[in-house]
file coords-v9.cif (mmCIF, N, CA, C and O atoms and all ligand atoms)
data_run
loop_
_atom_site.label_atom_id
_atom_site.label_comp_id
_atom_site.auth_asym_id
_atom_site.auth_seq_id
_atom_site.Cartn_x
_atom_site.Cartn_y
_atom_site.Cartn_z
N MET A 1 209.20 -66.44 -38.53
CA MET A 1 209.72 -66.95 -39.80
C MET A 1 209.19 -66.12 -40.96
O MET A 1 208.01 -65.88 -41.06
N GLY A 2 210.06 -65.69 -41.81
CA GLY A 2 209.67 -64.95 -42.98
C GLY A 2 209.13 -63.55 -42.69
O GLY A 2 208.55 -62.92 -43.54
N GLU A 3 209.36 -63.11 -41.47
CA GLU A 3 208.87 -61.79 -41.13
C GLU A 3 209.68 -60.69 -41.83
O GLU A 3 209.16 -59.65 -42.17
N TYR A 4 210.94 -60.97 -41.99
CA TYR A 4 211.80 -60.01 -42.67
C TYR A 4 212.52 -60.71 -43.83
O TYR A 4 213.72 -60.89 -43.80
N PRO A 5 211.72 -61.12 -44.82
CA PRO A 5 212.32 -61.91 -45.91
C PRO A 5 213.41 -61.15 -46.63
O PRO A 5 214.30 -61.73 -47.22
N GLU A 6 213.32 -59.82 -46.59
CA GLU A 6 214.31 -59.04 -47.33
C GLU A 6 215.58 -58.83 -46.51
O GLU A 6 216.52 -58.23 -46.96
N SER A 7 215.56 -59.32 -45.30
CA SER A 7 216.69 -59.00 -44.44
C SER A 7 217.16 -60.20 -43.62
O SER A 7 216.87 -60.29 -42.44
N PRO A 8 217.86 -61.09 -44.26
CA PRO A 8 218.38 -62.25 -43.52
C PRO A 8 219.33 -61.81 -42.41
O PRO A 8 219.45 -62.48 -41.39
N ALA A 9 219.97 -60.68 -42.59
CA ALA A 9 220.91 -60.21 -41.58
C ALA A 9 220.17 -59.95 -40.27
O ALA A 9 220.72 -60.08 -39.19
N ARG A 10 218.89 -59.59 -40.40
CA ARG A 10 218.10 -59.31 -39.21
C ARG A 10 217.80 -60.58 -38.44
O ARG A 10 217.79 -60.59 -37.22
N GLU A 11 217.52 -61.63 -39.18
CA GLU A 11 217.30 -62.92 -38.53
C GLU A 11 218.56 -63.34 -37.81
O GLU A 11 218.52 -63.84 -36.69
N LEU A 12 219.67 -63.11 -38.45
CA LEU A 12 220.93 -63.50 -37.84
C LEU A 12 221.16 -62.68 -36.58
O LEU A 12 221.55 -63.21 -35.55
N SER A 13 220.85 -61.41 -36.63
CA SER A 13 221.11 -60.59 -35.46
C SER A 13 220.18 -60.99 -34.32
O SER A 13 220.57 -60.96 -33.15
N ALA A 14 218.95 -61.40 -34.65
CA ALA A 14 218.05 -61.90 -33.61
C ALA A 14 218.60 -63.17 -33.01
O ALA A 14 218.59 -63.37 -31.79
N ALA A 15 219.11 -64.04 -33.86
CA ALA A 15 219.69 -65.29 -33.38
C ALA A 15 220.92 -65.01 -32.54
O ALA A 15 221.15 -65.65 -31.51
N TRP A 16 221.67 -64.01 -32.96
CA TRP A 16 222.88 -63.67 -32.22
C TRP A 16 222.52 -63.15 -30.84
O TRP A 16 223.19 -63.42 -29.85
N GLN A 17 221.42 -62.41 -30.77
CA GLN A 17 220.98 -61.91 -29.46
C GLN A 17 220.58 -63.05 -28.55
O GLN A 17 220.90 -63.06 -27.36
N ALA A 18 219.86 -64.02 -29.12
CA ALA A 18 219.48 -65.19 -28.34
C ALA A 18 220.72 -65.93 -27.87
O ALA A 18 220.82 -66.35 -26.72
N ALA A 19 221.67 -66.04 -28.78
CA ALA A 19 222.92 -66.72 -28.43
C ALA A 19 223.65 -65.97 -27.33
O ALA A 19 224.15 -66.55 -26.38
N SER A 20 223.69 -64.66 -27.46
CA SER A 20 224.40 -63.85 -26.48
C SER A 20 223.76 -63.94 -25.10
O SER A 20 224.44 -63.98 -24.09
N ALA A 21 222.43 -63.99 -25.09
CA ALA A 21 221.72 -64.11 -23.82
C ALA A 21 222.09 -65.42 -23.14
O ALA A 21 222.38 -65.45 -21.94
N ALA A 22 222.11 -66.48 -23.92
CA ALA A 22 222.49 -67.77 -23.37
C ALA A 22 223.93 -67.74 -22.89
O ALA A 22 224.26 -68.28 -21.83
N LEU A 23 224.76 -67.06 -23.65
CA LEU A 23 226.17 -67.01 -23.29
C LEU A 23 226.41 -66.14 -22.06
O LEU A 23 227.33 -66.39 -21.29
N GLY A 24 225.58 -65.14 -21.88
CA GLY A 24 225.70 -64.31 -20.70
C GLY A 24 225.55 -65.13 -19.43
O GLY A 24 226.33 -65.00 -18.49
N GLN A 25 224.57 -66.01 -19.45
CA GLN A 25 224.36 -66.90 -18.30
C GLN A 25 225.54 -67.84 -18.16
O GLN A 25 226.03 -68.09 -17.06
N TRP A 26 225.98 -68.32 -19.29
CA TRP A 26 227.10 -69.25 -19.29
C TRP A 26 228.33 -68.59 -18.68
O TRP A 26 229.02 -69.15 -17.85
N ARG A 27 228.58 -67.36 -19.09
CA ARG A 27 229.75 -66.64 -18.62
C ARG A 27 229.73 -66.49 -17.10
O ARG A 27 230.75 -66.61 -16.45
N GLU A 28 228.56 -66.25 -16.56
CA GLU A 28 228.46 -66.13 -15.10
C GLU A 28 228.88 -67.43 -14.43
O GLU A 28 229.59 -67.43 -13.43
N GLN A 29 228.40 -68.52 -15.01
CA GLN A 29 228.78 -69.82 -14.44
C GLN A 29 230.28 -70.05 -14.58
O GLN A 29 230.93 -70.51 -13.66
N VAL A 30 230.78 -69.69 -15.74
CA VAL A 30 232.20 -69.94 -16.00
C VAL A 30 233.07 -69.11 -15.08
O VAL A 30 234.09 -69.57 -14.58
N SER A 31 232.67 -67.87 -14.84
CA SER A 31 233.50 -67.02 -13.99
C SER A 31 233.50 -67.54 -12.55
O SER A 31 234.44 -67.31 -11.80
N GLU A 32 232.45 -68.23 -12.17
CA GLU A 32 232.42 -68.82 -10.84
C GLU A 32 233.24 -70.11 -10.81
O GLU A 32 233.88 -70.43 -9.82
N ALA A 33 233.14 -70.83 -11.89
CA ALA A 33 233.90 -72.08 -11.95
C ALA A 33 235.28 -71.81 -12.53
O ALA A 33 235.91 -70.82 -12.21
N THR A 34 235.72 -72.68 -13.36
CA THR A 34 237.04 -72.51 -13.98
C THR A 34 236.94 -72.84 -15.45
O THR A 34 235.84 -72.99 -15.97
N THR A 35 238.05 -72.94 -16.09
CA THR A 35 238.05 -73.30 -17.50
C THR A 35 237.53 -74.71 -17.71
O THR A 35 237.22 -75.11 -18.82
N GLU A 36 237.45 -75.47 -16.64
CA GLU A 36 236.88 -76.80 -16.73
C GLU A 36 235.46 -76.72 -17.30
O GLU A 36 235.05 -77.54 -18.11
N ALA A 37 234.74 -75.73 -16.83
CA ALA A 37 233.36 -75.56 -17.31
C ALA A 37 233.35 -75.28 -18.80
O ALA A 37 232.44 -75.69 -19.51
N VAL A 38 234.33 -74.55 -19.26
CA VAL A 38 234.41 -74.23 -20.68
C VAL A 38 234.64 -75.50 -21.49
O VAL A 38 234.02 -75.73 -22.52
N ALA A 39 235.54 -76.32 -21.00
CA ALA A 39 235.88 -77.53 -21.72
C ALA A 39 234.68 -78.46 -21.86
O ALA A 39 234.60 -79.24 -22.80
N LYS A 40 233.75 -78.34 -20.95
CA LYS A 40 232.59 -79.22 -20.98
C LYS A 40 231.53 -78.78 -21.98
O LYS A 40 230.54 -79.47 -22.15
N LEU A 41 231.72 -77.65 -22.59
CA LEU A 41 230.71 -77.15 -23.52
C LEU A 41 229.33 -77.20 -22.89
O LEU A 41 228.48 -78.01 -23.24
N ASP A 42 229.17 -76.33 -21.98
CA ASP A 42 227.91 -76.21 -21.26
C ASP A 42 226.72 -76.18 -22.21
O ASP A 42 226.82 -75.70 -23.32
N PRO A 43 225.58 -76.70 -21.76
CA PRO A 43 224.37 -76.68 -22.59
C PRO A 43 224.04 -75.29 -23.13
O PRO A 43 223.48 -75.17 -24.22
N ALA A 44 224.38 -74.25 -22.41
CA ALA A 44 224.10 -72.89 -22.91
C ALA A 44 224.88 -72.62 -24.19
O ALA A 44 224.39 -71.96 -25.09
N PHE A 45 226.08 -73.16 -24.23
CA PHE A 45 226.89 -73.00 -25.43
C PHE A 45 226.19 -73.71 -26.59
O PHE A 45 226.04 -73.16 -27.68
N ARG A 46 225.75 -74.92 -26.32
CA ARG A 46 225.06 -75.68 -27.37
C ARG A 46 223.78 -74.97 -27.81
O ARG A 46 223.46 -74.94 -29.00
N ALA A 47 223.07 -74.42 -26.85
CA ALA A 47 221.84 -73.70 -27.18
C ALA A 47 222.13 -72.52 -28.09
O ALA A 47 221.40 -72.26 -29.05
N ALA A 48 223.22 -71.84 -27.79
CA ALA A 48 223.59 -70.69 -28.61
C ALA A 48 223.96 -71.14 -30.02
O ALA A 48 223.58 -70.50 -31.00
N VAL A 49 224.67 -72.23 -30.10
CA VAL A 49 225.05 -72.78 -31.41
C VAL A 49 223.81 -73.17 -32.20
O VAL A 49 223.68 -72.85 -33.38
N GLU A 50 222.88 -73.83 -31.52
CA GLU A 50 221.65 -74.25 -32.20
C GLU A 50 220.85 -73.05 -32.66
O GLU A 50 220.25 -73.08 -33.74
N ALA A 51 220.82 -72.00 -31.85
CA ALA A 51 220.08 -70.79 -32.25
C ALA A 51 220.65 -70.20 -33.52
O ALA A 51 219.90 -69.79 -34.41
N LEU A 52 221.95 -70.20 -33.62
CA LEU A 52 222.57 -69.68 -34.83
C LEU A 52 222.29 -70.58 -36.02
O LEU A 52 221.96 -70.12 -37.11
N ARG A 53 222.40 -71.88 -35.78
CA ARG A 53 222.17 -72.84 -36.87
C ARG A 53 220.75 -72.74 -37.39
O ARG A 53 220.49 -72.84 -38.58
N ALA A 54 219.81 -72.55 -36.45
CA ALA A 54 218.41 -72.49 -36.84
C ALA A 54 218.13 -71.25 -37.68
O ALA A 54 217.28 -71.27 -38.56
N ALA A 55 218.84 -70.18 -37.40
CA ALA A 55 218.56 -68.92 -38.07
C ALA A 55 219.27 -68.81 -39.41
O ALA A 55 218.81 -68.12 -40.31
N VAL A 56 220.37 -69.47 -39.53
CA VAL A 56 221.18 -69.35 -40.74
C VAL A 56 221.24 -70.68 -41.45
O VAL A 56 221.75 -71.65 -40.92
N THR A 57 220.68 -70.70 -42.64
CA THR A 57 220.58 -71.98 -43.33
C THR A 57 221.51 -72.06 -44.52
O THR A 57 221.46 -72.99 -45.29
N GLY A 58 222.34 -71.06 -44.66
CA GLY A 58 223.25 -71.05 -45.80
C GLY A 58 224.24 -72.20 -45.76
O GLY A 58 224.54 -72.72 -44.70
N ASN A 59 224.69 -72.58 -46.92
CA ASN A 59 225.73 -73.58 -46.98
C ASN A 59 226.97 -72.94 -47.56
O ASN A 59 227.05 -72.69 -48.74
N TRP A 60 227.92 -72.66 -46.70
CA TRP A 60 229.11 -71.94 -47.11
C TRP A 60 230.27 -72.88 -47.38
O TRP A 60 231.37 -72.44 -47.64
N GLY A 61 230.01 -74.16 -47.23
CA GLY A 61 231.13 -75.08 -47.39
C GLY A 61 231.99 -75.08 -46.14
O GLY A 61 231.49 -74.85 -45.04
N ASN A 62 233.25 -75.29 -46.31
CA ASN A 62 234.14 -75.35 -45.16
C ASN A 62 234.36 -73.97 -44.55
O ASN A 62 234.48 -72.99 -45.27
N CYS A 63 234.42 -73.96 -43.25
CA CYS A 63 234.71 -72.70 -42.57
C CYS A 63 236.20 -72.42 -42.63
O CYS A 63 237.00 -73.30 -42.93
N ARG A 64 236.53 -71.20 -42.33
CA ARG A 64 237.95 -70.82 -42.28
C ARG A 64 238.21 -70.17 -40.94
O ARG A 64 238.77 -69.09 -40.84
N CYS A 65 237.76 -70.82 -39.91
CA CYS A 65 237.84 -70.26 -38.58
C CYS A 65 239.28 -70.09 -38.12
O CYS A 65 240.06 -71.03 -38.19
N PRO A 66 239.60 -68.89 -37.65
CA PRO A 66 240.93 -68.67 -37.08
C PRO A 66 240.94 -69.08 -35.61
O PRO A 66 241.18 -68.26 -34.72
N CYS A 67 240.67 -70.36 -35.39
CA CYS A 67 240.46 -70.84 -34.02
C CYS A 67 241.61 -70.51 -33.09
O CYS A 67 241.40 -70.09 -31.95
N ALA A 68 242.82 -70.69 -33.57
CA ALA A 68 243.99 -70.54 -32.70
C ALA A 68 244.12 -69.13 -32.16
O ALA A 68 244.61 -68.92 -31.05
N THR A 69 243.64 -68.16 -32.95
CA THR A 69 243.79 -66.78 -32.50
C THR A 69 242.48 -66.20 -31.99
O THR A 69 242.47 -65.36 -31.10
N ALA A 70 241.35 -66.67 -32.54
CA ALA A 70 240.08 -66.06 -32.19
C ALA A 70 239.54 -66.57 -30.85
O ALA A 70 238.93 -65.82 -30.09
N HIS A 71 239.74 -67.83 -30.57
CA HIS A 71 239.24 -68.37 -29.29
C HIS A 71 240.19 -69.46 -28.78
O HIS A 71 239.81 -70.62 -28.69
N PRO A 72 241.39 -69.04 -28.45
CA PRO A 72 242.43 -70.01 -28.06
C PRO A 72 242.03 -70.84 -26.84
O PRO A 72 242.59 -71.92 -26.63
N GLN A 73 241.07 -70.36 -26.08
CA GLN A 73 240.69 -71.11 -24.88
C GLN A 73 239.67 -72.20 -25.16
O GLN A 73 239.36 -73.00 -24.29
N ASP A 74 239.12 -72.19 -26.35
CA ASP A 74 238.14 -73.22 -26.69
C ASP A 74 238.54 -73.94 -27.98
O ASP A 74 237.85 -73.83 -28.99
N PRO A 75 239.61 -74.64 -27.95
CA PRO A 75 240.03 -75.34 -29.17
C PRO A 75 239.13 -76.55 -29.41
O PRO A 75 238.51 -77.07 -28.49
N GLY A 76 239.03 -76.95 -30.65
CA GLY A 76 238.32 -78.19 -30.93
C GLY A 76 236.81 -78.08 -31.02
O GLY A 76 236.13 -79.07 -31.17
N VAL A 77 236.25 -76.87 -30.93
CA VAL A 77 234.80 -76.77 -31.05
C VAL A 77 234.37 -76.70 -32.51
O VAL A 77 233.21 -76.92 -32.83
N CYS A 78 235.30 -76.39 -33.37
CA CYS A 78 235.01 -76.17 -34.78
C CYS A 78 234.36 -77.40 -35.41
O CYS A 78 234.84 -78.52 -35.23
N ASP A 79 233.25 -77.20 -36.14
CA ASP A 79 232.66 -78.35 -36.83
C ASP A 79 232.86 -78.28 -38.35
O ASP A 79 232.29 -79.06 -39.09
N HIS A 80 233.63 -77.30 -38.79
CA HIS A 80 234.10 -77.21 -40.18
C HIS A 80 232.99 -76.99 -41.20
O HIS A 80 233.19 -77.19 -42.39
N SER A 81 231.81 -76.62 -40.74
CA SER A 81 230.72 -76.36 -41.66
C SER A 81 230.28 -74.91 -41.51
O SER A 81 229.55 -74.57 -40.60
N ALA A 82 230.74 -74.07 -42.40
CA ALA A 82 230.50 -72.64 -42.26
C ALA A 82 229.03 -72.28 -42.46
O ALA A 82 228.37 -72.81 -43.34
N ILE A 83 228.52 -71.39 -41.63
CA ILE A 83 227.14 -70.94 -41.78
C ILE A 83 227.03 -69.43 -41.85
O ILE A 83 225.98 -68.90 -42.15
N LEU A 84 228.09 -68.73 -41.54
CA LEU A 84 228.00 -67.27 -41.61
C LEU A 84 229.37 -66.66 -41.80
O LEU A 84 230.39 -67.31 -41.57
N GLY A 85 229.35 -65.42 -42.24
CA GLY A 85 230.60 -64.71 -42.43
C GLY A 85 230.75 -63.63 -41.39
O GLY A 85 229.77 -63.01 -40.97
N ARG A 86 231.95 -63.45 -40.96
CA ARG A 86 232.17 -62.41 -39.97
C ARG A 86 233.42 -61.64 -40.37
O ARG A 86 234.39 -62.23 -40.83
N ARG A 87 233.36 -60.35 -40.17
CA ARG A 87 234.49 -59.53 -40.53
C ARG A 87 235.56 -59.62 -39.44
O ARG A 87 235.30 -59.31 -38.29
N ILE A 88 236.72 -60.07 -39.85
CA ILE A 88 237.84 -60.12 -38.91
C ILE A 88 238.99 -59.37 -39.56
O ILE A 88 239.52 -59.81 -40.57
N GLY A 89 239.33 -58.24 -39.00
CA GLY A 89 240.33 -57.40 -39.64
C GLY A 89 239.79 -56.90 -40.96
O GLY A 89 238.70 -56.35 -41.00
N ASP A 90 240.50 -57.13 -42.02
CA ASP A 90 240.08 -56.66 -43.33
C ASP A 90 239.37 -57.73 -44.13
O ASP A 90 238.97 -57.50 -45.26
N GLU A 91 239.20 -58.88 -43.53
CA GLU A 91 238.71 -60.03 -44.28
C GLU A 91 237.35 -60.49 -43.80
O GLU A 91 237.07 -60.47 -42.60
N GLU A 92 236.52 -60.95 -44.75
CA GLU A 92 235.28 -61.61 -44.38
C GLU A 92 235.61 -63.09 -44.28
O GLU A 92 235.99 -63.73 -45.26
N VAL A 93 235.46 -63.63 -43.08
CA VAL A 93 235.88 -65.01 -42.85
C VAL A 93 234.65 -65.87 -42.60
O VAL A 93 233.76 -65.50 -41.85
N ALA A 94 234.61 -67.02 -43.26
CA ALA A 94 233.50 -67.95 -43.07
C ALA A 94 233.69 -68.72 -41.77
O ALA A 94 234.74 -69.31 -41.53
N LEU A 95 232.65 -68.67 -40.94
CA LEU A 95 232.73 -69.33 -39.64
C LEU A 95 231.64 -70.38 -39.48
O LEU A 95 230.54 -70.23 -39.99
N CYS A 96 231.94 -71.42 -38.73
CA CYS A 96 230.90 -72.37 -38.37
C CYS A 96 230.24 -71.88 -37.08
O CYS A 96 230.76 -71.00 -36.39
N ALA A 97 229.09 -72.46 -36.76
CA ALA A 97 228.31 -71.97 -35.62
C ALA A 97 229.08 -72.05 -34.30
O ALA A 97 229.14 -71.07 -33.57
N PRO A 98 229.66 -73.19 -33.96
CA PRO A 98 230.35 -73.26 -32.67
C PRO A 98 231.50 -72.27 -32.58
O PRO A 98 231.75 -71.71 -31.51
N CYS A 99 232.18 -72.04 -33.69
CA CYS A 99 233.29 -71.09 -33.65
C CYS A 99 232.79 -69.67 -33.48
O CYS A 99 233.40 -68.87 -32.78
N ALA A 100 231.69 -69.35 -34.15
CA ALA A 100 231.13 -68.02 -34.01
C ALA A 100 230.76 -67.77 -32.55
O ALA A 100 231.03 -66.70 -31.99
N VAL A 101 230.17 -68.77 -31.92
CA VAL A 101 229.78 -68.63 -30.51
C VAL A 101 231.02 -68.54 -29.64
O VAL A 101 231.11 -67.71 -28.74
N ALA A 102 231.99 -69.39 -29.91
CA ALA A 102 233.22 -69.39 -29.12
C ALA A 102 233.93 -68.05 -29.23
O ALA A 102 234.49 -67.54 -28.25
N GLN A 103 233.86 -67.45 -30.40
CA GLN A 103 234.47 -66.13 -30.56
C GLN A 103 233.74 -65.08 -29.76
O GLN A 103 234.33 -64.19 -29.18
N GLY A 104 232.41 -65.21 -29.74
CA GLY A 104 231.62 -64.30 -28.92
C GLY A 104 232.02 -64.42 -27.47
O GLY A 104 232.16 -63.41 -26.76
N VAL A 105 232.21 -65.63 -27.03
CA VAL A 105 232.65 -65.86 -25.66
C VAL A 105 234.01 -65.25 -25.40
O VAL A 105 234.23 -64.56 -24.42
N ALA A 106 234.90 -65.48 -26.34
CA ALA A 106 236.26 -64.95 -26.19
C ALA A 106 236.24 -63.43 -26.11
O ALA A 106 236.97 -62.83 -25.33
N GLU A 107 235.33 -62.82 -26.88
CA GLU A 107 235.25 -61.36 -26.86
C GLU A 107 234.68 -60.86 -25.55
O GLU A 107 235.09 -59.85 -25.02
N MET A 108 233.74 -61.60 -25.01
CA MET A 108 233.13 -61.19 -23.74
C MET A 108 234.11 -61.29 -22.58
O MET A 108 233.94 -60.66 -21.57
N ARG A 109 235.08 -62.13 -22.73
CA ARG A 109 236.04 -62.34 -21.64
C ARG A 109 236.96 -61.15 -21.47
O ARG A 109 237.60 -61.01 -20.48
N ARG A 110 237.06 -60.34 -22.52
CA ARG A 110 238.01 -59.25 -22.46
C ARG A 110 237.63 -58.23 -21.42
O ARG A 110 236.48 -57.96 -21.24
ZN ZN B 201 237.03 -71.90 -34.34
ZN ZN B 202 234.87 -73.66 -37.73
#
call {"tool": "encode", "arguments": {"input": "coords-v9.cif", "output": "structure tokens", "more": "lines below"}}
Ligand SMILES: [Zn+2]
Ligand SMILES: [Zn+2]
result
Amino acid sequence: MGEYPESPARELSAAWQAASAALGQWREQVSEATTEAVAKLDPAFRAAVEALRAAVTGNWGNCRCPCATAHPQDPGVCDHSAILGRRIGDEEVALCAPCAVAQGVAEMRR
């Protein structure tokens, strides 16, 4: 905490790594199982979401998650409370934690 006060982006990237590690395990389970596992929001997904939430304390208001296109396989995870911005195309889009994680998952599936 406060190790890199000048660089909140670094905290976020550390949190993102933690989230990705959790998601890596999750992905292995999901590839063995089916989309049923995805629908259940495995604890690893929650852990990843919590890691992001813990690292990013900003209050961005409502998110503008492009859920339908960014993670069509995980609808309904959005909690509508934006905590970070992510570049999508030419736009900086405010995302909530579960959507950011779900997008990471969607990207890993490719
Ligand atoms: Zn979303
Ligand atoms: Zn959202």
call {"tool": "residues_near_ligand", "arguments": {"input": "coords-v9.cif", "ligand": "ligand ZN 202 (chain B)", "cutoff": "7 Å", "atoms": "all atoms listed in the file", "output": "PyMOL selection string"}}
result
chain A and resi 62-66+77-82+94-100
call {"tool": "atom_distance", "arguments": {"input": "coords-v9.cif", "atom1": "atom C of Ala47 of chain A", "atom2": "atom CA of Asp90 of chain A"}}
result
28.4 Å
call {"tool": "select_by_dssp", "arguments": {"input": "coords-v9.cif", "residues": "segment 50-96 of chain A", "states": "alpha helix (DSSP H)", "output": "list in words"}}
result
Glu50, Ala51, Leu52, Arg53, Ala54, Ala55, Cys67, Ala68, Thr69 and Ala70 of chain A
call {"tool": "write_last_selection", "arguments": {"input": "coords-v9.cif", "atoms": "N, CA, C and O atoms", "output": "compact mmCIF listing (two decimals), in the coordinates of the input"}}
result
# COMPACT_ATOMS: atom_id res chain seq x y z
N GLU A 50 222.88 -73.83 -31.52
CA GLU A 50 221.65 -74.25 -32.20
C GLU A 50 220.85 -73.05 -32.66
O GLU A 50 220.25 -73.08 -33.74
N ALA A 51 220.82 -72.00 -31.85
CA ALA A 51 220.08 -70.79 -32.25
C ALA A 51 220.65 -70.20 -33.52
O ALA A 51 219.90 -69.79 -34.41
N LEU A 52 221.95 -70.20 -33.62
CA LEU A 52 222.57 -69.68 -34.83
C LEU A 52 222.29 -70.58 -36.02
O LEU A 52 221.96 -70.12 -37.11
N ARG A 53 222.40 -71.88 -35.78
CA ARG A 53 222.17 -72.84 -36.87
C ARG A 53 220.75 -72.74 -37.39
O ARG A 53 220.49 -72.84 -38.58
N ALA A 54 219.81 -72.55 -36.45
CA ALA A 54 218.41 -72.49 -36.84
C ALA A 54 218.13 -71.25 -37.68
O ALA A 54 217.28 -71.27 -38.56
N ALA A 55 218.84 -70.18 -37.40
CA ALA A 55 218.56 -68.92 -38.07
C ALA A 55 219.27 -68.81 -39.41
O ALA A 55 218.81 -68.12 -40.31
N CYS A 67 240.67 -70.36 -35.39
CA CYS A 67 240.46 -70.84 -34.02
C CYS A 67 241.61 -70.51 -33.09
O CYS A 67 241.40 -70.09 -31.95
N ALA A 68 242.82 -70.69 -33.57
CA ALA A 68 243.99 -70.54 -32.70
C ALA A 68 244.12 -69.13 -32.16
O ALA A 68 244.61 -68.92 -31.05
N THR A 69 243.64 -68.16 -32.95
CA THR A 69 243.79 -66.78 -32.50
C THR A 69 242.48 -66.20 -31.99
O THR A 69 242.47 -65.36 -31.10
N ALA A 70 241.35 -66.67 -32.54
CA ALA A 70 240.08 -66.06 -32.19
C ALA A 70 239.54 -66.57 -30.85
O ALA A 70 238.93 -65.82 -30.09
call {"tool": "axis_aligned_box", "arguments": {"input": "coords-v9.cif", "around": "segment 93-107 of chain A", "padding_each_side": "6 Å", "output": "lines of an AutoDock Vina configuration file"}}
result
center_x = 232.6
center_y = -66.6
center_z = -33.8
size_x = 20.7
size_y = 25.4
size_z = 30.8
call {"tool": "atom_distance", "arguments": {"input": "coords-v9.cif", "atom1": "atom C of Ile83 of chain A", "atom2": "atom N of Trp60 of chain A"}}
result
5.9 Å
call {"tool": "atom_distance", "arguments": {"input": "coords-v9.cif", "atom1": "atom CA of Ala15 of chain A", "atom2": "atom C of Pro43 of chain A"}}
result
15.0 Å
call {"tool": "residues_near_point", "arguments": {"input": "coords-v9.cif", "point": "(236.7, -75.8, -29.0)", "cutoff": "8 Å", "atoms": "only N, CA, C and O atoms", "output": "PDB file with N, CA, C and O atoms, in the frame of the given file"}}
result
ATOM      1  N   VAL A  38     234.330 -74.550 -19.260  1.00  0.00           N
ATOM      2  CA  VAL A  38     234.410 -74.230 -20.680  1.00  0.00           C
ATOM      3  C   VAL A  38     234.640 -75.500 -21.490  1.00  0.00           C
ATOM      4  O   VAL A  38     234.020 -75.730 -22.520  1.00  0.00           O
ATOM      5  N   ALA A  39     235.540 -76.320 -21.000  1.00  0.00           N
ATOM      6  CA  ALA A  39     235.880 -77.530 -21.720  1.00  0.00           C
ATOM      7  C   ALA A  39     234.680 -78.460 -21.860  1.00  0.00           C
ATOM      8  O   ALA A  39     234.600 -79.240 -22.800  1.00  0.00           O
ATOM      9  N   CYS A  67     240.670 -70.360 -35.390  1.00  0.00           N
ATOM     10  CA  CYS A  67     240.460 -70.840 -34.020  1.00  0.00           C
ATOM     11  C   CYS A  67     241.610 -70.510 -33.090  1.00  0.00           C
ATOM     12  O   CYS A  67     241.400 -70.090 -31.950  1.00  0.00           O
ATOM     13  N   HIS A  71     239.740 -67.830 -30.570  1.00  0.00           N
ATOM     14  CA  HIS A  71     239.240 -68.370 -29.290  1.00  0.00           C
ATOM     15  C   HIS A  71     240.190 -69.460 -28.780  1.00  0.00           C
ATOM     16  O   HIS A  71     239.810 -70.620 -28.690  1.00  0.00           O
ATOM     17  N   PRO A  72     241.390 -69.040 -28.450  1.00  0.00           N
ATOM     18  CA  PRO A  72     242.430 -70.010 -28.060  1.00  0.00           C
ATOM     19  C   PRO A  72     242.030 -70.840 -26.840  1.00  0.00           C
ATOM     20  O   PRO A  72     242.590 -71.920 -26.630  1.00  0.00           O
ATOM     21  N   GLN A  73     241.070 -70.360 -26.080  1.00  0.00           N
ATOM     22  CA  GLN A  73     240.690 -71.110 -24.880  1.00  0.00           C
ATOM     23  C   GLN A  73     239.670 -72.200 -25.160  1.00  0.00           C
ATOM     24  O   GLN A  73     239.360 -73.000 -24.290  1.00  0.00           O
ATOM     25  N   ASP A  74     239.120 -72.190 -26.350  1.00  0.00           N
ATOM     26  CA  ASP A  74     238.140 -73.220 -26.690  1.00  0.00           C
ATOM     27  C   ASP A  74     238.540 -73.940 -27.980  1.00  0.00           C
ATOM     28  O   ASP A  74     237.850 -73.830 -28.990  1.00  0.00           O
ATOM     29  N   PRO A  75     239.610 -74.640 -27.950  1.00  0.00           N
ATOM     30  CA  PRO A  75     240.030 -75.340 -29.170  1.00  0.00           C
ATOM     31  C   PRO A  75     239.130 -76.550 -29.410  1.00  0.00           C
ATOM     32  O   PRO A  75     238.510 -77.070 -28.490  1.00  0.00           O
ATOM     33  N   GLY A  76     239.030 -76.950 -30.650  1.00  0.00           N
ATOM     34  CA  GLY A  76     238.320 -78.190 -30.930  1.00  0.00           C
ATOM     35  C   GLY A  76     236.810 -78.080 -31.020  1.00  0.00           C
ATOM     36  O   GLY A  76     236.130 -79.070 -31.170  1.00  0.00           O
ATOM     37  N   VAL A  77     236.250 -76.870 -30.930  1.00  0.00           N
ATOM     38  CA  VAL A  77     234.800 -76.770 -31.050  1.00  0.00           C
ATOM     39  C   VAL A  77     234.370 -76.700 -32.510  1.00  0.00           C
ATOM     40  O   VAL A  77     233.210 -76.920 -32.830  1.00  0.00           O
ATOM     41  N   CYS A  78     235.300 -76.390 -33.370  1.00  0.00           N
ATOM     42  CA  CYS A  78     235.010 -76.170 -34.780  1.00  0.00           C
ATOM     43  C   CYS A  78     234.360 -77.400 -35.410  1.00  0.00           C
ATOM     44  O   CYS A  78     234.840 -78.520 -35.230  1.00  0.00           O
ATOM     45  N   PRO A  98     229.660 -73.190 -33.960  1.00  0.00           N
ATOM     46  CA  PRO A  98     230.350 -73.260 -32.670  1.00  0.00           C
ATOM     47  C   PRO A  98     231.500 -72.270 -32.580  1.00  0.00           C
ATOM     48  O   PRO A  98     231.750 -71.710 -31.510  1.00  0.00           O
ATOM     49  N   CYS A  99     232.180 -72.040 -33.690  1.00  0.00           N
ATOM     50  CA  CYS A  99     233.290 -71.090 -33.650  1.00  0.00           C
ATOM     51  C   CYS A  99     232.790 -69.670 -33.480  1.00  0.00           C
ATOM     52  O   CYS A  99     233.400 -68.870 -32.780  1.00  0.00           O
ATOM     53  N   ALA A 102     231.990 -69.390 -29.910  1.00  0.00           N
ATOM     54  CA  ALA A 102     233.220 -69.390 -29.120  1.00  0.00           C
ATOM     55  C   ALA A 102     233.930 -68.050 -29.230  1.00  0.00           C
ATOM     56  O   ALA A 102     234.490 -67.540 -28.250  1.00  0.00           O
TER      57      ALA A 102
END
call {"tool": "closest_residue", "arguments": {"input": "coords-v9.cif", "among": "A:Gly24, A:Glu91, A:Thr69, A:Trp16", "to": "Val49 of chain A", "atoms": "only C-alpha atoms"}}
result
A:Trp16
call {"tool": "closest_residue", "arguments": {"input": "coords-v9.cif", "among": "A:Ala44, A:Ala70, A:Ala106, A:Leu52", "to": "ligand ZN 201 (chain B)", "atoms": "all atoms listed in the file"}}
result
A:Ala70
